[in-house]
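Shown next: structure-v1.cif, given as mmCIF, C-alpha atoms and all ligand atoms.
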data_final
#
loop_
_atom_site.label_atom_id
_atom_site.label_comp_id
_atom_site.auth_asym_id
_atom_site.auth_seq_id
_atom_site.Cartn_x
_atom_site.Cartn_y
_atom_site.Cartn_z
CA MET T 25 -12.54 -21.65 -6.33
CA ASP T 26 -9.43 -21.78 -8.43
CA PHE T 27 -7.68 -18.43 -8.41
CA GLY T 28 -4.56 -17.43 -10.30
CA GLN T 29 -3.99 -20.73 -12.10
CA SER T 30 -3.95 -19.77 -15.78
CA PRO T 31 -0.57 -20.26 -17.53
CA GLU T 32 -0.18 -16.49 -17.85
CA GLU T 33 -0.92 -15.93 -14.14
CA ARG T 34 1.48 -18.70 -13.15
CA SER T 35 4.24 -17.21 -15.22
CA ILE T 36 3.70 -13.75 -13.66
CA GLN T 37 3.90 -15.35 -10.21
CA ASP T 38 7.12 -17.12 -11.21
CA VAL T 39 8.63 -13.77 -12.24
CA ALA T 40 7.59 -12.31 -8.86
CA ARG T 41 9.07 -15.27 -6.95
CA ARG T 42 12.41 -14.91 -8.71
CA LEU T 43 12.46 -11.22 -7.86
CA ALA T 44 11.47 -11.93 -4.25
CA ASP T 45 14.43 -14.31 -3.98
CA LEU T 46 16.71 -11.48 -5.05
CA LEU T 47 15.11 -8.97 -2.67
CA ALA T 48 14.87 -11.01 0.54
CA PRO T 49 18.57 -11.00 1.55
CA GLY T 50 18.73 -7.17 1.51
CA TYR T 51 15.51 -6.45 3.47
CA VAL T 52 17.05 -5.76 6.88
CA GLU T 53 19.85 -3.65 5.45
CA ARG T 54 17.50 -1.56 3.28
CA ASP T 55 15.31 -0.90 6.33
CA ARG T 56 18.33 0.14 8.34
CA ALA T 57 19.57 2.47 5.59
CA GLY T 58 16.11 4.04 5.31
CA VAL T 59 16.77 5.20 1.76
CA PHE T 60 14.09 5.12 -0.94
CA PRO T 61 14.52 1.88 -2.96
CA TRP T 62 15.00 3.37 -6.44
CA LYS T 63 16.96 0.36 -7.66
CA GLU T 64 14.28 -2.06 -6.50
CA LEU T 65 11.57 0.14 -8.07
CA ALA T 66 13.41 -0.11 -11.39
CA MET T 67 13.65 -3.90 -10.97
CA LEU T 68 9.86 -4.06 -10.56
CA GLY T 69 9.47 -1.92 -13.67
CA GLU T 70 11.84 -4.08 -15.70
CA ALA T 71 9.92 -7.18 -14.62
CA SER T 72 6.64 -5.53 -15.78
CA LEU T 73 5.15 -5.80 -12.29
CA LEU T 74 4.16 -2.15 -11.80
CA GLY T 75 1.20 -1.95 -14.18
CA LEU T 76 -0.46 -5.34 -13.78
CA ASN T 77 -3.78 -3.75 -12.77
CA VAL T 78 -3.45 -0.84 -15.22
CA PRO T 79 -5.22 -1.00 -18.60
CA GLU T 80 -3.09 -1.79 -21.63
CA GLU T 81 -4.10 1.47 -23.33
CA ALA T 82 -2.50 3.28 -20.39
CA GLY T 83 0.74 1.33 -20.81
CA GLY T 84 -0.01 -1.34 -18.19
CA GLN T 85 -0.42 -5.10 -18.53
CA GLY T 86 -4.20 -5.17 -17.98
CA ALA T 87 -3.77 -8.46 -16.12
CA GLY T 88 -6.20 -7.59 -13.32
CA GLU T 89 -6.43 -6.92 -9.61
CA LEU T 90 -6.32 -10.55 -8.43
CA ILE T 91 -2.97 -11.34 -10.03
CA THR T 92 -1.69 -7.99 -8.75
CA GLY T 93 -2.69 -9.04 -5.23
CA MET T 94 -0.87 -12.35 -5.62
CA VAL T 95 2.26 -10.55 -6.80
CA CYS T 96 2.03 -8.04 -3.91
CA GLU T 97 1.90 -10.96 -1.49
CA ILE T 98 4.92 -12.65 -3.06
CA ILE T 99 7.05 -9.49 -3.11
CA ALA T 100 5.98 -8.53 0.43
CA SER T 101 7.11 -11.93 1.67
CA ALA T 102 10.59 -10.61 0.82
CA ASP T 103 10.19 -6.87 1.47
CA TYR T 104 6.96 -5.10 2.43
CA ASP T 105 8.22 -1.65 1.43
CA VAL T 106 9.19 -2.75 -2.06
CA ALA T 107 5.81 -4.48 -2.50
CA SER T 108 4.03 -1.24 -1.62
CA LEU T 109 5.59 0.37 -4.70
CA ILE T 110 3.40 -1.93 -6.80
CA TRP T 111 0.02 -0.72 -5.54
CA GLN T 112 1.21 2.87 -5.38
CA ALA T 113 2.39 2.81 -9.01
CA GLY T 114 -0.84 1.11 -10.12
CA SER T 115 -3.08 3.61 -8.32
CA THR T 116 -1.04 6.53 -9.63
CA ALA T 117 -1.24 5.26 -13.20
CA LYS T 118 -5.00 4.70 -12.95
CA LEU T 119 -5.58 8.23 -11.66
CA LEU T 120 -3.38 9.78 -14.35
CA HIS T 121 -4.89 7.67 -17.12
CA ARG T 122 -8.52 8.25 -16.10
CA HIS T 123 -8.34 11.94 -15.30
CA GLY T 124 -5.05 13.40 -16.56
CA SER T 125 -4.56 15.86 -19.41
CA ASP T 126 -2.55 14.65 -22.42
CA GLU T 127 0.39 16.64 -21.10
CA VAL T 128 0.28 14.96 -17.68
CA ARG T 129 -0.16 11.48 -19.12
CA GLU T 130 2.73 11.86 -21.54
CA ARG T 131 5.01 13.32 -18.89
CA TRP T 132 4.31 10.92 -16.03
CA LEU T 133 2.65 7.65 -17.10
CA PRO T 134 5.63 6.02 -18.90
CA PRO T 135 8.21 6.68 -16.14
CA VAL T 136 5.81 5.65 -13.35
CA LEU T 137 5.08 2.31 -15.03
CA ALA T 138 8.75 1.77 -15.90
CA GLY T 139 9.84 2.29 -12.30
CA GLN T 140 11.74 5.46 -13.19
CA ALA T 141 9.53 7.91 -11.29
CA MET T 142 7.38 7.83 -8.18
CA ALA T 143 4.32 9.75 -7.03
CA GLY T 144 3.06 10.23 -3.47
CA PHE T 145 -0.55 10.87 -2.47
CA ALA T 146 -1.09 14.00 -0.39
CA PHE T 147 -4.68 13.69 0.78
CA THR T 148 -4.53 13.67 4.60
CA GLU T 149 -4.56 17.00 6.42
CA PRO T 150 -4.24 18.05 10.04
CA GLY T 151 -8.04 18.47 10.11
CA ALA T 152 -9.04 15.70 7.68
CA GLY T 153 -7.70 12.16 8.16
CA SER T 154 -10.19 9.30 8.16
CA ASP T 155 -12.79 11.65 6.78
CA ILE T 156 -10.98 13.00 3.74
CA SER T 157 -14.26 14.41 2.50
CA ALA T 158 -14.28 16.81 5.47
CA ALA T 159 -13.60 20.43 4.55
CA VAL T 160 -10.24 20.30 2.80
CA SER T 161 -8.23 23.27 4.03
CA THR T 162 -5.48 23.17 1.37
CA ARG T 163 -6.71 25.63 -1.23
CA ALA T 164 -6.20 25.93 -4.98
CA ARG T 165 -7.18 29.27 -6.57
CA ARG T 166 -7.20 30.28 -10.21
CA ASP T 167 -4.66 32.87 -11.26
CA GLY T 168 -4.89 33.44 -15.00
CA ALA T 169 -4.13 30.17 -16.76
CA ASP T 170 -2.61 28.66 -13.59
CA TRP T 171 -3.68 27.33 -10.22
CA VAL T 172 -1.94 28.45 -7.03
CA LEU T 173 -1.88 26.07 -4.04
CA ASP T 174 -1.54 26.98 -0.36
CA GLY T 175 -1.84 24.74 2.69
CA GLU T 176 -0.47 21.68 4.44
CA LYS T 177 -0.81 17.94 3.93
CA ASN T 178 0.52 16.07 6.91
CA SER T 179 0.95 12.52 5.66
CA MET T 180 2.47 11.73 2.27
CA SER T 181 4.22 8.38 1.92
CA PHE T 182 7.02 7.93 -0.63
CA ASN T 183 8.41 11.32 0.25
CA ALA T 184 11.31 11.07 -2.23
CA SER T 185 8.75 11.13 -5.06
CA GLN T 186 9.17 13.50 -7.99
CA LEU T 187 5.42 14.04 -8.08
CA ALA T 188 2.75 14.72 -5.43
CA ILE T 189 -0.88 14.02 -6.22
CA VAL T 190 -2.70 16.56 -4.10
CA LEU T 191 -6.33 16.96 -3.04
CA ALA T 192 -7.12 20.66 -2.71
CA GLY T 193 -10.28 22.72 -2.26
CA THR T 194 -11.43 25.00 -5.09
CA PRO T 195 -14.47 27.31 -5.18
CA ASP T 196 -16.29 24.47 -7.02
CA GLY T 197 -15.28 21.73 -4.56
CA PRO T 198 -12.22 19.50 -4.06
CA ALA T 199 -10.01 18.77 -7.05
CA VAL T 200 -6.86 16.70 -7.58
CA PHE T 201 -3.64 18.26 -8.87
CA CYS T 202 -0.30 16.85 -10.06
CA VAL T 203 2.42 18.89 -8.42
CA PRO T 204 6.14 18.23 -9.10
CA THR T 205 7.83 18.12 -5.71
CA ASP T 206 10.59 20.49 -6.86
CA SER T 207 8.01 23.24 -7.49
CA PRO T 208 8.98 26.59 -5.94
CA GLY T 209 7.08 27.11 -2.67
CA MET T 210 6.73 23.38 -1.90
CA THR T 211 8.50 21.81 1.07
CA VAL T 212 8.68 18.17 2.08
CA ALA T 213 9.60 17.55 5.74
CA PRO T 214 10.17 13.84 6.53
CA TYR T 215 8.86 12.05 9.64
CA ASP T 216 11.07 9.65 11.62
CA ASP T 217 8.59 6.74 11.44
CA LEU T 218 8.59 3.37 13.18
CA GLY T 219 7.95 1.38 9.99
CA GLY T 220 7.92 1.87 6.24
CA ARG T 221 11.34 3.42 6.65
CA GLN T 222 12.55 2.82 3.09
CA ASN T 223 9.60 4.63 1.58
CA GLY T 224 9.42 7.44 4.11
CA ARG T 225 6.52 9.77 4.93
CA ALA T 226 6.41 13.53 5.18
CA VAL T 227 4.52 16.70 5.92
CA VAL T 228 4.13 18.58 2.67
CA THR T 229 3.47 22.33 2.62
CA PHE T 230 2.40 24.55 -0.24
CA ASP T 231 3.18 28.25 -0.15
CA GLY T 232 1.94 29.83 -3.35
CA VAL T 233 2.82 26.76 -5.44
CA ARG T 234 1.90 27.44 -9.07
CA VAL T 235 0.84 24.72 -11.55
CA PRO T 236 -0.74 25.01 -15.01
CA ASP T 237 -4.38 24.06 -15.55
CA SER T 238 -3.16 20.93 -17.35
CA ALA T 239 -1.95 19.66 -13.94
CA ARG T 240 -5.55 19.31 -12.76
CA LEU T 241 -6.93 15.74 -12.74
CA GLY T 242 -10.60 15.90 -13.66
CA ASP T 243 -13.22 18.45 -12.75
CA PRO T 244 -13.34 20.46 -9.52
CA GLY T 245 -15.90 18.95 -7.16
CA ARG T 246 -15.08 15.37 -8.17
CA GLY T 247 -11.71 15.04 -6.42
CA VAL T 248 -12.81 12.95 -3.44
CA GLY T 249 -14.74 10.47 -5.60
CA GLN T 250 -11.76 10.05 -7.93
CA VAL T 251 -9.45 9.33 -5.04
CA LEU T 252 -11.81 6.90 -3.33
CA SER T 253 -12.47 4.99 -6.55
CA VAL T 254 -8.76 4.27 -6.92
CA LEU T 255 -8.34 3.36 -3.25
CA GLY T 256 -11.20 0.80 -3.60
CA THR T 257 -8.93 -2.05 -4.69
CA SER T 258 -5.71 -0.47 -3.51
CA LYS T 259 -6.61 -1.02 0.14
CA VAL T 260 -7.09 -4.72 -0.68
CA LEU T 261 -3.64 -4.81 -2.27
CA VAL T 262 -2.21 -3.21 0.88
CA SER T 263 -3.77 -6.11 2.78
CA ALA T 264 -2.20 -8.57 0.32
CA GLY T 265 1.14 -7.03 1.24
CA ALA T 266 0.32 -7.59 4.92
CA ILE T 267 -0.46 -11.25 4.21
CA GLY T 268 2.84 -11.70 2.39
CA THR T 269 4.76 -10.17 5.28
CA ALA T 270 2.91 -12.24 7.89
CA SER T 271 3.37 -15.45 5.86
CA ALA T 272 7.12 -14.93 5.80
CA ALA T 273 7.08 -14.25 9.55
CA LEU T 274 5.12 -17.46 10.22
CA ARG T 275 7.39 -19.50 7.94
CA ASP T 276 10.47 -18.32 9.83
CA ALA T 277 8.82 -18.91 13.21
CA VAL T 278 7.90 -22.49 12.31
CA ALA T 279 11.41 -23.16 11.02
CA TRP T 280 12.83 -21.75 14.26
CA ALA T 281 10.50 -23.94 16.33
CA GLN T 282 11.74 -27.01 14.45
CA ASP T 283 15.36 -26.10 15.03
CA ARG T 284 15.48 -24.64 18.53
CA SER T 285 15.47 -26.93 21.59
CA THR T 286 14.63 -26.07 25.20
CA TYR T 287 14.40 -28.53 28.12
CA GLY T 288 15.58 -31.34 25.87
CA ALA T 289 13.10 -31.09 22.99
CA THR T 290 12.40 -28.81 20.04
CA LEU T 291 9.91 -25.96 20.35
CA ALA T 292 7.92 -27.68 17.59
CA THR T 293 6.94 -30.37 20.14
CA ARG T 294 5.42 -27.75 22.51
CA GLN T 295 1.72 -27.09 22.21
CA GLY T 296 2.24 -23.67 23.81
CA VAL T 297 4.50 -22.69 20.93
CA MET T 298 2.79 -24.45 18.04
CA PHE T 299 -0.91 -23.92 18.75
CA PRO T 300 -0.79 -20.13 18.29
CA LEU T 301 1.13 -20.66 15.05
CA VAL T 302 -1.42 -23.25 13.92
CA ASP T 303 -4.35 -20.93 14.65
CA MET T 304 -2.65 -18.05 12.88
CA THR T 305 -1.90 -20.20 9.85
CA THR T 306 -5.61 -21.05 9.70
CA GLU T 307 -6.68 -17.41 10.04
CA LEU T 308 -4.18 -16.30 7.43
CA GLU T 309 -5.46 -18.88 4.96
CA ALA T 310 -9.05 -17.70 5.54
CA ALA T 311 -7.96 -14.07 5.11
CA ARG T 312 -6.21 -14.91 1.85
CA LEU T 313 -9.36 -16.58 0.49
CA LEU T 314 -11.52 -13.55 1.33
CA LEU T 315 -8.92 -11.27 -0.22
CA HIS T 316 -8.67 -13.29 -3.42
CA ARG T 317 -12.45 -13.46 -3.70
CA THR T 318 -12.69 -9.68 -3.28
CA LEU T 319 -10.17 -9.02 -6.05
CA TRP T 320 -11.92 -11.59 -8.25
CA LEU T 321 -15.22 -9.72 -7.69
CA ALA T 322 -13.47 -6.50 -8.77
CA ASP T 323 -11.98 -8.16 -11.86
CA THR T 324 -15.34 -9.60 -12.90
CA GLY T 325 -17.19 -6.29 -12.53
CA GLN T 326 -19.20 -7.33 -9.46
CA PRO T 327 -19.79 -5.20 -6.35
CA TYR T 328 -16.85 -5.55 -3.96
CA ARG T 329 -17.06 -2.47 -1.73
CA LYS T 330 -18.24 -4.33 1.38
CA ASP T 331 -15.77 -7.19 0.86
CA ALA T 332 -12.87 -4.76 0.38
CA ALA T 333 -13.76 -2.98 3.61
CA MET T 334 -14.06 -6.32 5.46
CA VAL T 335 -10.58 -7.24 4.24
CA LYS T 336 -9.05 -3.93 5.34
CA ALA T 337 -10.88 -4.04 8.69
CA TRP T 338 -9.56 -7.51 9.47
CA VAL T 339 -6.32 -8.37 7.69
CA PRO T 340 -3.86 -5.64 8.88
CA ALA T 341 -4.65 -6.26 12.56
CA LEU T 342 -4.43 -10.03 12.05
CA CYS T 343 -1.08 -9.72 10.28
CA THR T 344 0.32 -7.37 12.92
CA ARG T 345 -0.65 -9.95 15.57
CA ILE T 346 1.01 -12.72 13.54
CA CYS T 347 4.25 -10.75 13.06
CA MET T 348 4.33 -10.03 16.80
CA GLN T 349 3.78 -13.71 17.70
CA ALA T 350 6.40 -14.79 15.15
CA MET T 351 8.94 -12.39 16.65
CA VAL T 352 8.26 -13.68 20.17
CA THR T 353 8.63 -17.28 18.94
CA VAL T 354 12.12 -16.49 17.70
CA GLY T 355 12.95 -15.15 21.16
CA HIS T 356 15.47 -12.37 21.80
CA VAL T 357 17.12 -13.01 18.45
CA GLY T 358 14.03 -11.74 16.62
CA PHE T 359 14.09 -8.47 18.57
CA SER T 360 17.53 -7.57 17.24
CA ARG T 361 17.91 -4.99 14.48
CA GLU T 362 19.84 -7.74 12.66
CA HIS T 363 16.75 -9.94 12.24
CA PRO T 364 13.88 -9.52 9.75
CA ALA T 365 11.23 -10.40 12.38
CA GLN T 366 11.25 -6.91 13.92
CA VAL T 367 11.36 -5.20 10.49
CA ARG T 368 8.30 -7.16 9.42
CA LEU T 369 6.43 -6.17 12.58
CA ARG T 370 7.23 -2.47 12.13
CA ASP T 371 6.42 -2.56 8.42
CA VAL T 372 3.18 -4.50 8.70
CA MET T 373 1.87 -1.94 11.21
CA VAL T 374 1.85 0.61 8.38
CA THR T 375 -1.08 -1.30 6.89
CA GLU T 376 -3.21 -0.42 9.93
CA PHE T 377 -3.21 3.24 8.85
CA GLY T 378 -2.55 3.72 5.15
CA GLU T 379 -5.68 3.76 2.95
CA GLY T 380 -8.00 3.82 5.96
CA THR T 381 -8.09 2.42 9.48
CA ALA T 382 -10.09 -0.63 10.60
CA ASN T 383 -12.83 1.46 12.22
CA VAL T 384 -13.44 3.43 9.06
CA GLN T 385 -13.78 0.14 7.16
CA ARG T 386 -16.26 -1.10 9.78
CA ILE T 387 -18.33 2.03 9.14
CA ILE T 388 -18.39 1.14 5.43
CA VAL T 389 -19.39 -2.48 6.10
CA ALA T 390 -22.13 -1.43 8.53
CA ARG T 391 -23.46 1.09 6.00
CA GLU T 392 -23.56 -1.64 3.33
CA MET T 393 -25.43 -3.87 5.80
CA THR T 394 -28.00 -1.38 7.05
CA GLY T 395 -27.94 1.69 4.82
CA VAL T 396 -26.97 3.91 7.74
CA SER T 397 -23.53 4.99 8.97
CA PRO T 398 -22.79 4.21 12.63
CA ASN T 399 -20.29 7.04 12.89
C1 LIG Y 401 2.61 5.02 7.72
C2 LIG Y 401 1.51 5.88 7.20
C3 LIG Y 401 1.45 6.17 5.85
C4 LIG Y 401 0.46 7.04 5.37
N1 LIG Y 401 0.48 7.39 4.05
C5 LIG Y 401 -0.39 8.33 3.60
C6 LIG Y 401 -0.31 8.83 2.27
O1 LIG Y 401 0.55 8.42 1.48
N2 LIG Y 401 -1.17 9.80 1.87
C7 LIG Y 401 -2.14 10.29 2.71
O2 LIG Y 401 -2.89 11.16 2.29
N3 LIG Y 401 -2.27 9.82 3.99
C8 LIG Y 401 -1.41 8.87 4.45
N4 LIG Y 401 -1.48 8.41 5.74
C9 LIG Y 401 -2.53 8.91 6.60
C10 LIG Y 401 -3.63 7.87 6.81
O3 LIG Y 401 -4.42 7.77 5.64
C11 LIG Y 401 -4.41 8.33 8.04
O4 LIG Y 401 -3.58 8.11 9.16
C12 LIG Y 401 -5.69 7.56 8.21
O5 LIG Y 401 -6.58 7.82 7.16
C13 LIG Y 401 -6.36 7.94 9.54
O6 LIG Y 401 -6.44 9.33 9.68
P1 LIG Y 401 -5.84 10.01 10.99
O7 LIG Y 401 -4.48 9.48 11.23
O8 LIG Y 401 -6.00 11.47 10.84
O9 LIG Y 401 -6.74 9.48 12.19
P2 LIG Y 401 -8.16 10.04 12.66
O10 LIG Y 401 -9.07 10.20 11.50
O11 LIG Y 401 -7.94 11.20 13.54
O12 LIG Y 401 -8.64 8.81 13.54
C14 LIG Y 401 -7.97 8.46 14.76
C15 LIG Y 401 -8.51 7.12 15.25
O13 LIG Y 401 -9.92 7.22 15.49
C16 LIG Y 401 -10.61 6.24 14.74
N5 LIG Y 401 -11.86 6.87 14.24
C17 LIG Y 401 -11.96 8.00 13.51
N6 LIG Y 401 -13.26 8.28 13.25
C18 LIG Y 401 -13.99 7.27 13.83
C19 LIG Y 401 -15.39 6.98 13.92
N7 LIG Y 401 -16.29 7.76 13.35
N8 LIG Y 401 -15.77 5.87 14.59
C20 LIG Y 401 -14.85 5.06 15.18
N9 LIG Y 401 -13.52 5.28 15.12
C21 LIG Y 401 -13.08 6.38 14.46
C22 LIG Y 401 -9.70 5.85 13.58
O14 LIG Y 401 -9.98 4.54 13.18
C23 LIG Y 401 -8.32 5.99 14.24
O15 LIG Y 401 -7.99 4.81 14.91
C24 LIG Y 401 -0.52 7.54 6.25
C25 LIG Y 401 -0.46 7.23 7.61
C26 LIG Y 401 0.55 6.42 8.09
C27 LIG Y 401 0.63 6.16 9.57
#

What does this structure look like when you write it as structure tokens?
Amino acid sequence: MDFGQSPEERSIQDVARRLADLLAPGYVERDRAGVFPWKELAMLGEASLLGLNVPEEAGGQGAGELITGMVCEIIASADYDVASLIWQAGSTAKLLHRHGSDEVRERWLPPVLAGQAMAGFAFTEPGAGSDISAAVSTRARRDGADWVLDGEKNSMSFNASQLAIVLAGTPDGPAVFCVPTDSPGMTVAPYDDLGGRQNGRAVVTFDGVRVPDSARLGDPGRGVGQVLSVLGTSKVLVSAGAIGTASAALRDAVAWAQDRSTYGATLATRQGVMFPLVDMTTELEAARLLLHRTLWLADTGQPYRKDAAMVKAWVPALCTRICMQAMVTVGHVGFSREHPAQVRLRDVMVTEFGEGTANVQRIIVAREMTGVSPN
């Protein structure tokens, strides 16, 4: 298999590498500041990296999911949080393009793809996490030409976003709505999270929030399917981000082992130090191959649901383990807030939750294998 080797794909990867070189030195400081990376979002937009997997007619590059995954990995090797802006922008643009009214598309698609605006997904609720198809308690009711939303979503990443994309129940079933976050009656209360600190995450509440009918994405009753169809490749891109972060952690750990001496010899000469790094390098390479193959299946119109779930069930946990081992290899230095090793570990853990946990992916794989859900 020969993935990502066309001249166009190579040149996109070169652009991403140059940007990653610019981003890497500021990673620790941006994490410490915990401020949404608007400047870095704009840099991604200027480099045309936000719409790689978005059709050209929607304003994207139409370059595909595989090259998007490769770019996510490259950017995440410098800064996981900044890389996550890529799959979020792509998923947002796909949802808006596929299901949005003309008004919504014109208002939001160009700034999202240019890196001038951000949208968060407000799907999870206190009573509906893994199972987002469970009874959605946030309600949207018709009031004349408008919809009025009431309820609480308790996990929206990118909480500085100008737009929330909200799953809400209607009398005809769940529907998706575009809600500007400065709408009267809407509050966004940030969490103090362990990782993903640049992007932030919040509880979002709706108290009589009014939006026009043009803010509705698609027909009531189809909301869950619309959301899941976009998350199908997005969860693989999340995993590509995890691989990028873990690769950078491994690279630094190996370099440290070559440089650092104990008992008269470098750590690189110790089997106890190097063998875990060797095994993890092997596992990471295997994970990357499965991930690339999955995105290639998606790009070529072949079924990829099981493969995507296998990736998301395996890769985040693997990459968390790698980032932990890499931090330990660097010793006490890696534990300091001055060192990227601990930022990578905290950031890569985000991938264990966002877009579905490992167990939920295992349920999907088992269902694809047997036709029944072991849940
Ligand atoms: C950093 C972060 C960012 C997030 N960003 C967003 C966002 O932007 N938008 C959004 O809508 N949500 C977001 N989420 C929420 C995320 O999607 C949920 O955390 C995730 O879907 C799991 O839901 P839950 O936390 O309610 O866990 P639960 O569904 O309560 O599950 C708890 C645990 O039980 C396991 N489990 C559940 N059911 C089963 C079963 N049947 N069999 C075996 N094991 C099971 C799960 O794997 C999990 O480990 C984010 C979460 C985090 C931590």

Among listed residues T:Cys202, T:Ala102, T:Leu342, T:Cys347, nearest T:His123 (using all atoms listed in the file):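 Ranked by minimum distance to T:His123, first place goes to T:Cys202.
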
Identify, counting all atoms listed in the file, the protein, DNA and RNA residues located within 8 Å of ligand LIG 401 (chain Y), and give them as number ranges by chain. T: 144-156, 177-182, 217, 219-220, 225, 373-384, 387, 398-399

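Taking atom CA of T:Val172 as the reference point, atom CA of T:Val248 is found at 19.3 Å.
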
Which of these residues is nearest to T:Leu73, using all atoms listed in the file: T:Leu120, T:Leu321, T:Val297, T:Ala40? T:Ala40

Hey, can you pull every residue with an atom no more than 12 Å from (-4.4, 16.7, -18.5), using all atoms listed in the file, and send it as a PyMOL selection string? chain T and resi 119-133+200-202+235-243

Separation of atom CA of T:Glu97 from atom CA of T:Gln282 in Å: 24.7 Å

Can you tell me which residues surround T:Leu109 at a distance of at most 12 Å, considering all atoms listed in the file, apart from same-chain residues fewer than 5 positions away, and format the answer as a ChimeraX atom specification? /T:60-69,73-75,92,95-96,99-100,103-104,114-117,136-144,181-182,185,220,222-224,258,261-262,265

Put the listed atoms of stretch 181-188 of chain T in a box along x, y and z with 4 Å added on every side and give me the centre and edge lengths in Å to one decimal, as JSON.
{"center_x": 7.0, "center_y": 11.3, "center_z": -3.1, "size_x": 16.6, "size_y": 14.8, "size_z": 18.0}

Nearest to T:Glu176: which of T:Glu392, T:Asp231, T:Glu89, T:Asp276 is it, counting all atoms listed in the file?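 Among the listed residues, the smallest separation from T:Glu176 belongs to T:Asp231.
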
One number please: atom CA of T:Val335 to atom CA of T:Asp323, in Å, one decimal.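 Atom-to-atom, atom CA of T:Val335 and atom CA of T:Asp323 are spaced 16.2 Å apart.
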
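The protein and nucleic acid residues lying at most 9 Å from stretch 27-34 of chain T are Met25, Ile36, Gln37, Asp38, Val39, Ala87, Leu90, Ile91, Met94, His316, Arg317 and Trp320 of chain T, with all atoms listed in the file considered and sequence neighbours fewer than 2 positions away removed.
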
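Among the candidate residues T:Met210, T:Val339, T:Ala44, T:Ala350, the one lying nearest to T:Val367 is T:Ala350, with distances computed using only C-alpha atoms.
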
Choose the residue, out of T:Ala333, T:Ala159, T:Val396, T:Leu218, that has the smallest atom-to-atom separation from T:Leu191; count only C-alpha atoms.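 Closest to T:Leu191 of all the choices is T:Ala159.
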
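Remark: for T:Thr324, the closest of the candidate residues T:Tyr215, T:Arg165, T:Ile388, T:Gly88 is T:Gly88 (distances computed over only C-alpha atoms).
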
Polymer residues at most 12 Å from (-0.1, -22.4, 13.0) by only C-alpha atoms, as JSON, numbers by chain: {"T": [270, 271, 273, 274, 275, 276, 277, 278, 279, 281, 292, 295, 296, 297, 298, 299, 300, 301, 302, 303, 304, 305, 306, 307, 308, 309, 346, 349, 350, 353]}

For the residues selected in the previous step, produce a file with C-alpha atoms as a CSV table (one decimal), in the coordinates of the input.
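The resulting file, out29.csv, is reproduced below:
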chain,number,residue,atom,x,y,z
T,270,ALA,CA,2.9,-12.2,7.9
T,271,SER,CA,3.4,-15.4,5.9
T,273,ALA,CA,7.1,-14.2,9.6
T,274,LEU,CA,5.1,-17.5,10.2
T,275,ARG,CA,7.4,-19.5,7.9
T,276,ASP,CA,10.5,-18.3,9.8
T,277,ALA,CA,8.8,-18.9,13.2
T,278,VAL,CA,7.9,-22.5,12.3
T,279,ALA,CA,11.4,-23.2,11.0
T,281,ALA,CA,10.5,-23.9,16.3
T,292,ALA,CA,7.9,-27.7,17.6
T,295,GLN,CA,1.7,-27.1,22.2
T,296,GLY,CA,2.2,-23.7,23.8
T,297,VAL,CA,4.5,-22.7,20.9
T,298,MET,CA,2.8,-24.4,18.0
T,299,PHE,CA,-0.9,-23.9,18.8
T,300,PRO,CA,-0.8,-20.1,18.3
T,301,LEU,CA,1.1,-20.7,15.0
T,302,VAL,CA,-1.4,-23.2,13.9
T,303,ASP,CA,-4.4,-20.9,14.6
T,304,MET,CA,-2.6,-18.0,12.9
T,305,THR,CA,-1.9,-20.2,9.8
T,306,THR,CA,-5.6,-21.0,9.7
T,307,GLU,CA,-6.7,-17.4,10.0
T,308,LEU,CA,-4.2,-16.3,7.4
T,309,GLU,CA,-5.5,-18.9,5.0
T,346,ILE,CA,1.0,-12.7,13.5
T,349,GLN,CA,3.8,-13.7,17.7
T,350,ALA,CA,6.4,-14.8,15.2
T,353,THR,CA,8.6,-17.3,18.9
